[in-house]
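To start, the structure itself, in C-alpha cells.
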Amino acid sequence: MLLTSIETVKQVPRGLYGSGGAQVAERERKLTPPRGGVFVPRGQVLSTEDVHRALTRIAHEIAEQNRGLRDVVLVGLQTGGVPLAYRIASVLEEVEGVAVPVGTLDVAFYRDDIGLRPVLPEAVTDISFDLAGKVVVLVDDVLFSGRTVRAALDALADYGRARAVRLAVMIDRGHRELPIRPDFVGKNLPTRPDEQVDVSLDGVLLGEVVKR
C-alpha cells in the first residue's frame, strides 16, 4: 500500500517553481490551514529583505563548508522548503556560477505521526537525479520536533545512498523530540509549543492557531 501511494504522486515540472511560474508548493501552503483552526499572525519576525539576506548567507555557508559545489544537490521539503531551496539554488548560481540540481520531497507517507496531521493534496516528490555519492542539503522552512526531517531521511534512501546529508532551515524554533539539529539556520527563534511560525519568501510571521 505504501509503495502504491508513493508511485502515484504527481510529477510537476521543475520550472513551475521558478520565477514567474505558478508556485505549486506555495499555493498548497496557503490553501491548507493548520488542522482545526486558522493561523492568526501576531507579529513579523523577519521581513522579505531579512529572508533574502538569510538565504544568501545560507547559500554562501553551503559553498564554503563544501569547498565549492561539486556533488552538492538541494532537496526542498514540501511544502515550505521548496521555494526556499530554489532561491538558495538561484543565489548559488549567481555567486558560484554553478547550477545546483534541485529536487522536491513529500514525506507524508514516511511520517511516524501519519493520521495526526493533514496530508496535502498534490504535494510533489520530484528527484530526477541519483543521490549516490552526493552531498544532499535538505531545505525546510521550520524545524520543530524533528519528525519531518526523520521522515525525509527515510524517504531519501529510496533515491540512492548519499555521501552526506545536511539540513538547512529558515527557522529553528526548538522543542525537539528527536536528536536532530540543522547545519545551516536562518534564525533561531524560541517559541512556545502552542505558537505557530509561518515562513514564506515574503517574510516570517509568528502567531497562533485560532479555532474556527
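Quick note on naming: the chains in the C-alpha cells go A, B, ... in the order shown, residues restart at 1 in each chain, and ligands are numbered from 1 in order of appearance.
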
Range 184-206 of chain A residues near range 66-82 of chain A within 10 Å, closest pair each, using only C-alpha atoms, as a tab-separated table:
```
residue	atom	partner	partner_atom	distance
A:Asp198	CA	A:Gly80	CA	8.9
A:Val199	CA	A:Gly80	CA	7.0
A:Ser200	CA	A:Gly80	CA	7.0
A:Leu201	CA	A:Gly80	CA	9.5
```

Keeping only C-alpha atoms, take the residues you just selected and write them out as an mmCIF file, in the first residue's frame.
```cif
data_model
loop_
_atom_site.group_PDB
_atom_site.id
_atom_site.type_symbol
_atom_site.label_atom_id
_atom_site.label_comp_id
_atom_site.auth_asym_id
_atom_site.auth_seq_id
_atom_site.Cartn_x
_atom_site.Cartn_y
_atom_site.Cartn_z
ATOM 1 C CA ASP A 198 4.639 30.893 9.114
ATOM 2 C CA VAL A 199 7.543 31.151 6.644
ATOM 3 C CA SER A 200 7.484 32.335 3.054
ATOM 4 C CA LEU A 201 9.760 34.315 0.756
#
```

Residues flagged strand (DSSP E or B) by DSSP in range 43-167 of chain A, as a count of residues only: 28

Show me, as JSON lines, the residues of range 82-183 of chain A having an atom within 8 Å of range 48-63 of chain A, each with the closest atom pair and its distance in Å, using only C-alpha atoms.
```
{"residue": "A:Leu84", "atom": "CA", "partner": "A:Leu55", "partner_atom": "CA", "distance": 7.5}
{"residue": "A:Arg87", "atom": "CA", "partner": "A:Leu55", "partner_atom": "CA", "distance": 7.3}
{"residue": "A:Ile88", "atom": "CA", "partner": "A:Ala59", "partner_atom": "CA", "distance": 5.5}
{"residue": "A:Ala89", "atom": "CA", "partner": "A:Ala59", "partner_atom": "CA", "distance": 7.6}
{"residue": "A:Val91", "atom": "CA", "partner": "A:Thr56", "partner_atom": "CA", "distance": 6.2}
{"residue": "A:Leu92", "atom": "CA", "partner": "A:Ala59", "partner_atom": "CA", "distance": 5.9}
{"residue": "A:Ala168", "atom": "CA", "partner": "A:Ile58", "partner_atom": "CA", "distance": 7.5}
{"residue": "A:Met170", "atom": "CA", "partner": "A:Ala54", "partner_atom": "CA", "distance": 7.5}
```

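For the choices A:Val100, A:Ala164, A:Val197, A:Leu156, the atom-to-atom distance to Gly133 in chain A is smallest for A:Ala164 when using only C-alpha atoms.
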
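Considering the residues A:Asp202, A:Ile171, A:Val135, A:Leu178 and counting only C-alpha atoms, Gln65 in chain A has its shortest atom-to-atom contact with A:Val135.
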